[in-house]
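> Data file protein.cif (mmCIF, N, CA and C atoms) is appended below.
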```cif
data_target
loop_
_atom_site.label_atom_id
_atom_site.label_comp_id
_atom_site.auth_asym_id
_atom_site.auth_seq_id
_atom_site.Cartn_x
_atom_site.Cartn_y
_atom_site.Cartn_z
N MET A 146 -23.34 -30.58 -18.52
CA MET A 146 -22.32 -29.73 -17.96
C MET A 146 -22.99 -28.70 -17.04
N PRO A 147 -22.52 -28.55 -15.77
CA PRO A 147 -23.16 -27.61 -14.84
C PRO A 147 -22.94 -26.16 -15.27
N ALA A 148 -23.93 -25.35 -14.95
CA ALA A 148 -23.82 -23.91 -15.26
C ALA A 148 -22.73 -23.28 -14.39
N GLN A 149 -22.03 -22.34 -14.99
CA GLN A 149 -20.99 -21.64 -14.24
C GLN A 149 -21.62 -20.67 -13.25
N ILE A 150 -21.10 -20.67 -12.06
CA ILE A 150 -21.59 -19.75 -11.04
C ILE A 150 -20.79 -18.47 -11.14
N LYS A 151 -21.48 -17.36 -11.23
CA LYS A 151 -20.80 -16.07 -11.29
C LYS A 151 -20.53 -15.59 -9.87
N LEU A 152 -19.26 -15.47 -9.55
CA LEU A 152 -18.86 -15.00 -8.22
C LEU A 152 -18.81 -13.48 -8.19
N PRO A 153 -19.18 -12.88 -7.07
CA PRO A 153 -19.06 -11.43 -6.99
C PRO A 153 -17.59 -11.03 -6.97
N GLU A 154 -17.28 -9.95 -7.63
CA GLU A 154 -15.90 -9.47 -7.67
C GLU A 154 -15.77 -8.28 -6.74
N GLN A 155 -14.78 -8.35 -5.89
CA GLN A 155 -14.56 -7.27 -4.94
C GLN A 155 -13.07 -7.14 -4.70
N ASN A 156 -12.57 -5.93 -4.78
CA ASN A 156 -11.15 -5.66 -4.55
C ASN A 156 -11.07 -4.37 -3.74
N VAL A 157 -11.17 -4.49 -2.44
CA VAL A 157 -11.15 -3.34 -1.55
C VAL A 157 -10.11 -3.60 -0.46
N VAL A 158 -9.25 -2.61 -0.25
CA VAL A 158 -8.22 -2.71 0.78
C VAL A 158 -8.39 -1.53 1.73
N LEU A 159 -8.42 -1.79 3.03
CA LEU A 159 -8.46 -0.76 4.06
C LEU A 159 -7.29 -1.01 5.00
N LEU A 160 -6.42 -0.02 5.17
CA LEU A 160 -5.24 -0.17 6.02
C LEU A 160 -5.03 1.06 6.88
N VAL A 161 -4.51 0.85 8.07
CA VAL A 161 -4.04 1.94 8.92
C VAL A 161 -2.61 1.61 9.30
N GLY A 162 -1.73 2.57 9.09
CA GLY A 162 -0.33 2.36 9.41
C GLY A 162 0.43 3.66 9.40
N ARG A 163 1.75 3.56 9.46
CA ARG A 163 2.62 4.75 9.43
C ARG A 163 3.52 4.70 8.21
N LEU A 164 3.77 5.89 7.63
CA LEU A 164 4.68 5.97 6.49
C LEU A 164 6.07 5.55 6.93
N THR A 165 6.74 4.73 6.13
CA THR A 165 8.09 4.27 6.47
C THR A 165 9.17 5.17 5.90
N ARG A 166 8.78 6.10 5.04
CA ARG A 166 9.72 7.06 4.46
C ARG A 166 8.93 8.26 3.97
N ASP A 167 9.63 9.35 3.66
CA ASP A 167 8.95 10.51 3.11
C ASP A 167 8.34 10.16 1.76
N PRO A 168 7.15 10.71 1.46
CA PRO A 168 6.51 10.42 0.17
C PRO A 168 7.38 10.90 -0.99
N ASN A 169 7.39 10.14 -2.07
CA ASN A 169 8.16 10.48 -3.27
C ASN A 169 7.18 10.78 -4.40
N VAL A 170 7.13 12.07 -4.81
CA VAL A 170 6.21 12.47 -5.87
C VAL A 170 6.98 12.69 -7.16
N THR A 171 6.48 12.07 -8.24
CA THR A 171 7.03 12.29 -9.57
C THR A 171 5.85 12.63 -10.48
N PHE A 172 6.16 12.94 -11.72
CA PHE A 172 5.11 13.30 -12.68
C PHE A 172 5.24 12.45 -13.93
N THR A 173 4.10 12.03 -14.47
CA THR A 173 4.10 11.26 -15.70
C THR A 173 4.43 12.20 -16.86
N GLN A 174 4.63 11.64 -18.04
CA GLN A 174 4.91 12.46 -19.22
C GLN A 174 3.76 13.41 -19.54
N LYS A 175 2.55 13.06 -19.12
CA LYS A 175 1.39 13.92 -19.34
C LYS A 175 1.18 14.92 -18.20
N GLY A 176 2.09 14.91 -17.22
CA GLY A 176 2.04 15.89 -16.14
C GLY A 176 1.20 15.49 -14.95
N GLN A 177 0.75 14.24 -14.87
CA GLN A 177 -0.05 13.80 -13.72
C GLN A 177 0.87 13.39 -12.58
N ALA A 178 0.56 13.87 -11.37
CA ALA A 178 1.36 13.55 -10.20
C ALA A 178 1.10 12.13 -9.75
N VAL A 179 2.17 11.44 -9.34
CA VAL A 179 2.05 10.11 -8.77
C VAL A 179 2.98 10.05 -7.56
N CYS A 180 2.44 9.63 -6.44
CA CYS A 180 3.20 9.53 -5.20
C CYS A 180 3.34 8.06 -4.82
N ARG A 181 4.56 7.67 -4.55
CA ARG A 181 4.83 6.31 -4.09
C ARG A 181 5.35 6.40 -2.66
N CYS A 182 4.77 5.57 -1.80
CA CYS A 182 5.21 5.52 -0.42
C CYS A 182 4.96 4.11 0.10
N ASP A 183 5.50 3.82 1.26
CA ASP A 183 5.26 2.53 1.92
C ASP A 183 4.70 2.81 3.29
N ILE A 184 3.78 1.95 3.73
CA ILE A 184 3.30 2.06 5.10
C ILE A 184 3.57 0.76 5.85
N ALA A 185 3.83 0.91 7.13
CA ALA A 185 4.03 -0.24 8.01
C ALA A 185 2.72 -0.47 8.75
N VAL A 186 2.18 -1.68 8.61
CA VAL A 186 0.93 -2.06 9.28
C VAL A 186 1.29 -3.11 10.32
N ASN A 187 0.95 -2.83 11.56
CA ASN A 187 1.37 -3.68 12.66
C ASN A 187 0.20 -4.48 13.22
N ARG A 188 0.49 -5.72 13.58
CA ARG A 188 -0.50 -6.57 14.27
C ARG A 188 0.19 -7.11 15.52
N ARG A 189 -0.39 -6.83 16.66
CA ARG A 189 0.16 -7.30 17.93
C ARG A 189 -0.60 -8.56 18.36
N TYR A 190 0.15 -9.59 18.77
CA TYR A 190 -0.51 -10.85 19.15
C TYR A 190 0.25 -11.50 20.31
N LEU A 191 -0.45 -12.35 21.02
CA LEU A 191 0.12 -13.09 22.14
C LEU A 191 0.61 -14.43 21.62
N ASP A 192 1.92 -14.67 21.73
CA ASP A 192 2.53 -15.93 21.29
C ASP A 192 2.13 -17.02 22.29
N ALA A 193 1.41 -18.01 21.82
CA ALA A 193 0.90 -19.07 22.69
C ALA A 193 2.02 -19.92 23.28
N THR A 194 3.16 -20.01 22.58
CA THR A 194 4.27 -20.83 23.05
C THR A 194 5.03 -20.16 24.19
N THR A 195 5.34 -18.86 24.01
CA THR A 195 6.15 -18.14 25.00
C THR A 195 5.33 -17.29 25.95
N ASN A 196 4.04 -17.11 25.63
CA ASN A 196 3.15 -16.25 26.41
C ASN A 196 3.66 -14.80 26.44
N GLU A 197 4.33 -14.38 25.37
CA GLU A 197 4.83 -13.01 25.24
C GLU A 197 4.09 -12.31 24.10
N TRP A 198 3.93 -10.98 24.26
CA TRP A 198 3.35 -10.19 23.19
C TRP A 198 4.40 -9.97 22.12
N LYS A 199 4.00 -10.16 20.85
CA LYS A 199 4.91 -9.96 19.72
C LYS A 199 4.24 -9.09 18.67
N ASP A 200 5.06 -8.50 17.82
CA ASP A 200 4.56 -7.67 16.73
C ASP A 200 4.82 -8.36 15.40
N ASP A 201 3.83 -8.32 14.54
CA ASP A 201 3.96 -8.81 13.18
C ASP A 201 3.72 -7.60 12.28
N THR A 202 4.78 -7.10 11.64
CA THR A 202 4.69 -5.89 10.83
C THR A 202 4.77 -6.24 9.36
N VAL A 203 3.85 -5.68 8.58
CA VAL A 203 3.83 -5.86 7.13
C VAL A 203 4.09 -4.50 6.49
N PHE A 204 4.98 -4.48 5.50
CA PHE A 204 5.30 -3.24 4.80
C PHE A 204 4.59 -3.27 3.45
N VAL A 205 3.73 -2.28 3.21
CA VAL A 205 2.86 -2.28 2.05
C VAL A 205 3.17 -1.08 1.15
N PRO A 206 3.52 -1.33 -0.12
CA PRO A 206 3.70 -0.21 -1.05
C PRO A 206 2.35 0.37 -1.45
N VAL A 207 2.29 1.71 -1.47
CA VAL A 207 1.06 2.43 -1.79
C VAL A 207 1.35 3.43 -2.90
N VAL A 208 0.42 3.55 -3.85
CA VAL A 208 0.53 4.53 -4.93
C VAL A 208 -0.69 5.44 -4.87
N VAL A 209 -0.44 6.75 -4.94
CA VAL A 209 -1.51 7.75 -4.91
C VAL A 209 -1.35 8.61 -6.17
N TRP A 210 -2.46 8.91 -6.86
CA TRP A 210 -2.43 9.66 -8.11
C TRP A 210 -3.09 11.03 -7.97
N GLY A 211 -2.70 11.95 -8.84
CA GLY A 211 -3.38 13.25 -8.99
C GLY A 211 -3.14 14.22 -7.86
N GLU A 212 -4.16 15.04 -7.59
CA GLU A 212 -4.05 16.08 -6.55
C GLU A 212 -3.74 15.49 -5.19
N SER A 213 -4.29 14.33 -4.90
CA SER A 213 -4.03 13.67 -3.62
C SER A 213 -2.54 13.41 -3.44
N ALA A 214 -1.85 13.10 -4.53
CA ALA A 214 -0.42 12.83 -4.47
C ALA A 214 0.36 14.08 -4.04
N THR A 215 0.03 15.22 -4.61
CA THR A 215 0.77 16.44 -4.26
C THR A 215 0.43 16.89 -2.84
N ARG A 216 -0.83 16.72 -2.43
CA ARG A 216 -1.21 17.07 -1.04
C ARG A 216 -0.48 16.19 -0.04
N LEU A 217 -0.33 14.93 -0.39
CA LEU A 217 0.34 13.99 0.50
C LEU A 217 1.79 14.42 0.75
N LYS A 218 2.47 14.83 -0.29
CA LYS A 218 3.86 15.28 -0.15
C LYS A 218 3.96 16.48 0.78
N ASP A 219 2.99 17.38 0.69
CA ASP A 219 3.02 18.60 1.51
C ASP A 219 2.65 18.34 2.97
N ARG A 220 1.84 17.32 3.24
CA ARG A 220 1.30 17.11 4.58
C ARG A 220 1.95 15.97 5.36
N CYS A 221 2.72 15.11 4.70
CA CYS A 221 3.20 13.90 5.36
C CYS A 221 4.72 13.78 5.31
N LYS A 222 5.22 13.02 6.26
CA LYS A 222 6.63 12.66 6.27
C LYS A 222 6.75 11.28 6.92
N LYS A 223 7.95 10.76 6.96
CA LYS A 223 8.18 9.46 7.58
C LYS A 223 7.58 9.45 8.99
N GLY A 224 6.83 8.40 9.31
CA GLY A 224 6.23 8.26 10.64
C GLY A 224 4.79 8.77 10.74
N THR A 225 4.30 9.48 9.75
CA THR A 225 2.93 9.99 9.78
C THR A 225 1.93 8.84 9.75
N PRO A 226 0.96 8.83 10.69
CA PRO A 226 -0.08 7.79 10.65
C PRO A 226 -1.11 8.12 9.58
N VAL A 227 -1.51 7.10 8.80
CA VAL A 227 -2.46 7.31 7.70
C VAL A 227 -3.47 6.17 7.63
N PHE A 228 -4.63 6.51 7.09
CA PHE A 228 -5.67 5.54 6.74
C PHE A 228 -5.69 5.49 5.22
N VAL A 229 -5.59 4.29 4.66
CA VAL A 229 -5.57 4.12 3.21
C VAL A 229 -6.76 3.26 2.79
N GLU A 230 -7.49 3.75 1.80
CA GLU A 230 -8.56 2.99 1.18
C GLU A 230 -8.23 2.89 -0.30
N GLY A 231 -8.29 1.69 -0.85
CA GLY A 231 -7.95 1.54 -2.26
C GLY A 231 -8.20 0.14 -2.75
N ARG A 232 -7.42 -0.23 -3.77
CA ARG A 232 -7.57 -1.55 -4.37
C ARG A 232 -6.20 -2.16 -4.57
N LEU A 233 -6.14 -3.46 -4.56
CA LEU A 233 -4.90 -4.18 -4.78
C LEU A 233 -4.62 -4.23 -6.28
N THR A 234 -3.40 -3.84 -6.66
CA THR A 234 -3.01 -3.88 -8.07
C THR A 234 -1.68 -4.61 -8.19
N SER A 235 -1.42 -5.09 -9.39
CA SER A 235 -0.21 -5.86 -9.66
C SER A 235 0.59 -5.19 -10.77
N ASN A 236 1.91 -5.12 -10.60
CA ASN A 236 2.81 -4.59 -11.62
C ASN A 236 3.71 -5.71 -12.08
N GLU A 237 3.94 -5.78 -13.36
CA GLU A 237 4.88 -6.74 -13.91
C GLU A 237 5.94 -5.99 -14.70
N TYR A 238 7.20 -6.42 -14.55
CA TYR A 238 8.27 -5.79 -15.31
C TYR A 238 9.40 -6.78 -15.50
N THR A 239 10.28 -6.47 -16.44
CA THR A 239 11.46 -7.29 -16.72
C THR A 239 12.69 -6.47 -16.38
N ASP A 240 13.59 -7.03 -15.55
CA ASP A 240 14.79 -6.30 -15.15
C ASP A 240 15.86 -6.37 -16.25
N LYS A 241 17.00 -5.76 -15.98
CA LYS A 241 18.08 -5.68 -16.97
C LYS A 241 18.63 -7.05 -17.35
N GLU A 242 18.53 -8.02 -16.43
CA GLU A 242 19.00 -9.38 -16.72
C GLU A 242 17.96 -10.23 -17.46
N GLY A 243 16.80 -9.65 -17.72
CA GLY A 243 15.76 -10.38 -18.43
C GLY A 243 14.83 -11.19 -17.54
N LYS A 244 14.95 -11.02 -16.22
CA LYS A 244 14.07 -11.73 -15.28
C LYS A 244 12.74 -10.99 -15.16
N ASN A 245 11.67 -11.77 -15.14
CA ASN A 245 10.33 -11.19 -14.95
C ASN A 245 10.04 -11.07 -13.46
N HIS A 246 9.43 -9.95 -13.08
CA HIS A 246 9.07 -9.69 -11.68
C HIS A 246 7.61 -9.26 -11.62
N ARG A 247 6.99 -9.56 -10.47
CA ARG A 247 5.61 -9.14 -10.23
C ARG A 247 5.53 -8.60 -8.81
N ASN A 248 4.96 -7.41 -8.66
CA ASN A 248 4.80 -6.78 -7.35
C ASN A 248 3.33 -6.48 -7.10
N LEU A 249 2.92 -6.61 -5.86
CA LEU A 249 1.58 -6.18 -5.45
C LEU A 249 1.71 -4.86 -4.73
N GLN A 250 0.74 -3.98 -4.94
CA GLN A 250 0.71 -2.70 -4.25
C GLN A 250 -0.74 -2.28 -4.07
N VAL A 251 -0.96 -1.28 -3.24
CA VAL A 251 -2.29 -0.72 -3.07
C VAL A 251 -2.34 0.59 -3.85
N THR A 252 -3.30 0.69 -4.76
CA THR A 252 -3.55 1.95 -5.45
C THR A 252 -4.66 2.64 -4.67
N ALA A 253 -4.30 3.76 -4.04
CA ALA A 253 -5.21 4.41 -3.10
C ALA A 253 -6.25 5.25 -3.83
N SER A 254 -7.49 5.11 -3.39
CA SER A 254 -8.55 6.01 -3.85
C SER A 254 -8.76 7.11 -2.81
N ARG A 255 -8.31 6.83 -1.59
CA ARG A 255 -8.41 7.82 -0.50
C ARG A 255 -7.29 7.56 0.48
N LEU A 256 -6.63 8.62 0.89
CA LEU A 256 -5.60 8.52 1.93
C LEU A 256 -5.85 9.66 2.90
N GLN A 257 -6.05 9.32 4.16
CA GLN A 257 -6.38 10.31 5.18
C GLN A 257 -5.28 10.33 6.23
N VAL A 258 -4.78 11.54 6.54
CA VAL A 258 -3.77 11.70 7.58
C VAL A 258 -4.48 11.62 8.93
N LEU A 259 -3.92 10.86 9.87
CA LEU A 259 -4.60 10.61 11.15
C LEU A 259 -4.05 11.40 12.33
N ASP A 260 -3.11 12.30 12.13
CA ASP A 260 -2.62 13.05 13.31
C ASP A 260 -3.23 14.43 13.40
#
```
Let's see the structure in the file written out as structure tokens.

Amino acid sequence: MPAQIKLPEQNVVLLVGRLTRDPNVTFTQKGQAVCRCDIAVNRRYLDATTNEWKDDTVFVPVVVWGESATRLKDRCKKGTPVFVEGRLTSNEYTDKEGKNHRNLQVTASRLQVLD
């Protein structure tokens, strides 16, 4: 039986985009701030068929924890350009009808305002 090859593990996400809504800050039962926001990340490309420039926009949910979360609420609003560095995380939950859902989001380790 061949030896298993250990693959390097890496989970790093770097994004630049604009907030699609005002940041929403809530607090956990232990009093830790958590900010949830979405950013729009745009990619412009030339359509080979029509020879026209087109936009491909991806909307990415972002979660920021702690002091960074409260600073974000004070400094940002819808449309603010930001740089996000973090890791991809997955949430699983069951809705009221008993259906299981899974969402991907970026948990930010750093969020920098670009304006």
> Need the shell around A:Thr165: protein/DNA/RNA residues with any atom at most 8 Å away, counting only N, CA and C atoms. Skip same-chain ones fewer than 2 positions apart. Format as a PDB file with N, CA and C atoms, keeping the file's coordinate frame?

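The new file around.pdb reads:
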```
ATOM      1  N   GLY A 162      -1.730   2.570   9.090  1.00  0.00           N
ATOM      2  CA  GLY A 162      -0.330   2.360   9.410  1.00  0.00           C
ATOM      3  C   GLY A 162       0.430   3.660   9.400  1.00  0.00           C
ATOM      4  N   ARG A 163       1.750   3.560   9.460  1.00  0.00           N
ATOM      5  CA  ARG A 163       2.620   4.750   9.430  1.00  0.00           C
ATOM      6  C   ARG A 163       3.520   4.700   8.210  1.00  0.00           C
ATOM      7  N   ASP A 167       9.630   9.350   3.660  1.00  0.00           N
ATOM      8  CA  ASP A 167       8.950  10.510   3.110  1.00  0.00           C
ATOM      9  C   ASP A 167       8.340  10.160   1.760  1.00  0.00           C
ATOM     10  N   PRO A 168       7.150  10.710   1.460  1.00  0.00           N
ATOM     11  CA  PRO A 168       6.510  10.420   0.170  1.00  0.00           C
ATOM     12  C   PRO A 168       7.380  10.900  -0.990  1.00  0.00           C
ATOM     13  N   CYS A 182       4.770   5.570  -1.800  1.00  0.00           N
ATOM     14  CA  CYS A 182       5.210   5.520  -0.420  1.00  0.00           C
ATOM     15  C   CYS A 182       4.960   4.110   0.100  1.00  0.00           C
ATOM     16  N   ASP A 183       5.500   3.820   1.260  1.00  0.00           N
ATOM     17  CA  ASP A 183       5.260   2.530   1.920  1.00  0.00           C
ATOM     18  C   ASP A 183       4.700   2.810   3.290  1.00  0.00           C
ATOM     19  N   ILE A 184       3.780   1.950   3.730  1.00  0.00           N
ATOM     20  CA  ILE A 184       3.300   2.060   5.100  1.00  0.00           C
ATOM     21  C   ILE A 184       3.570   0.760   5.850  1.00  0.00           C
ATOM     22  N   ALA A 185       3.830   0.910   7.130  1.00  0.00           N
ATOM     23  CA  ALA A 185       4.030  -0.240   8.010  1.00  0.00           C
ATOM     24  C   ALA A 185       2.720  -0.470   8.750  1.00  0.00           C
ATOM     25  N   LYS A 222       5.220  13.020   6.260  1.00  0.00           N
ATOM     26  CA  LYS A 222       6.630  12.660   6.270  1.00  0.00           C
ATOM     27  C   LYS A 222       6.750  11.280   6.920  1.00  0.00           C
ATOM     28  N   LYS A 223       7.950  10.760   6.960  1.00  0.00           N
ATOM     29  CA  LYS A 223       8.180   9.460   7.580  1.00  0.00           C
ATOM     30  C   LYS A 223       7.580   9.450   8.990  1.00  0.00           C
ATOM     31  N   GLY A 224       6.830   8.400   9.310  1.00  0.00           N
ATOM     32  CA  GLY A 224       6.230   8.260  10.640  1.00  0.00           C
ATOM     33  C   GLY A 224       4.790   8.770  10.740  1.00  0.00           C
ATOM     34  N   THR A 225       4.300   9.480   9.750  1.00  0.00           N
ATOM     35  CA  THR A 225       2.930   9.990   9.780  1.00  0.00           C
ATOM     36  C   THR A 225       1.930   8.840   9.750  1.00  0.00           C
TER      37      THR A 225
END
```
> I'd like the residues picked by the PyMOL selection byres ((chain A and resi 251) around 6) written out as an NGL selection string, using the chain letters and numbers from the file.
:A and (206-208 or 231-234 or 249-250 or 252-253)
> Let me see the file: selected residues, N, CA and C atoms, as a tab-separated table (two decimals), in the coordinates of the input.

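Contents of result.tsv, as written:
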```tsv
chain	number	residue	atom	x	y	z
A	206	PRO	N	3.52	-1.33	-0.12
A	206	PRO	CA	3.70	-0.21	-1.05
A	206	PRO	C	2.35	0.37	-1.45
A	207	VAL	N	2.29	1.71	-1.47
A	207	VAL	CA	1.06	2.43	-1.79
A	207	VAL	C	1.35	3.43	-2.90
A	208	VAL	N	0.42	3.55	-3.85
A	208	VAL	CA	0.53	4.53	-4.93
A	208	VAL	C	-0.69	5.44	-4.87
A	231	GLY	N	-8.29	1.69	-0.85
A	231	GLY	CA	-7.95	1.54	-2.26
A	231	GLY	C	-8.20	0.14	-2.75
A	232	ARG	N	-7.42	-0.23	-3.77
A	232	ARG	CA	-7.57	-1.55	-4.37
A	232	ARG	C	-6.20	-2.16	-4.57
A	233	LEU	N	-6.14	-3.46	-4.56
A	233	LEU	CA	-4.90	-4.18	-4.78
A	233	LEU	C	-4.62	-4.23	-6.28
A	234	THR	N	-3.40	-3.84	-6.66
A	234	THR	CA	-3.01	-3.88	-8.07
A	234	THR	C	-1.68	-4.61	-8.19
A	249	LEU	N	2.92	-6.61	-5.86
A	249	LEU	CA	1.58	-6.18	-5.45
A	249	LEU	C	1.71	-4.86	-4.73
A	250	GLN	N	0.74	-3.98	-4.94
A	250	GLN	CA	0.71	-2.70	-4.25
A	250	GLN	C	-0.74	-2.28	-4.07
A	252	THR	N	-3.30	0.69	-4.76
A	252	THR	CA	-3.55	1.95	-5.45
A	252	THR	C	-4.66	2.64	-4.67
A	253	ALA	N	-4.30	3.76	-4.04
A	253	ALA	CA	-5.21	4.41	-3.10
A	253	ALA	C	-6.25	5.25	-3.83
```
> Could you pull out the helix (DSSP H, G or I) residues of chain A from DSSP and send them as an MDAnalysis selection string?
chainID A and resid 212:220
> Quote the spacing between atom CA of A:Asn156 and atom N of A:Thr215 in Å to one decimal place.
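Interatomic distance, atom CA of A:Asn156 to atom N of A:Thr215: 23.7 Å.
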> Output as a ChimeraX atom specification all residues of stretch 154-235 of chain A that backbone DSSP marks as strand (DSSP E or B).
/A:158-164,169-172,178-191,198-210,226-235
> Report, in Å to a single decimal, how far apart atom CA of A:Leu217 and atom N of A:Gln257 are.
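Computing the Euclidean distance for atom N of A:Gln257 and atom CA of A:Leu217 yields 8.7 Å.
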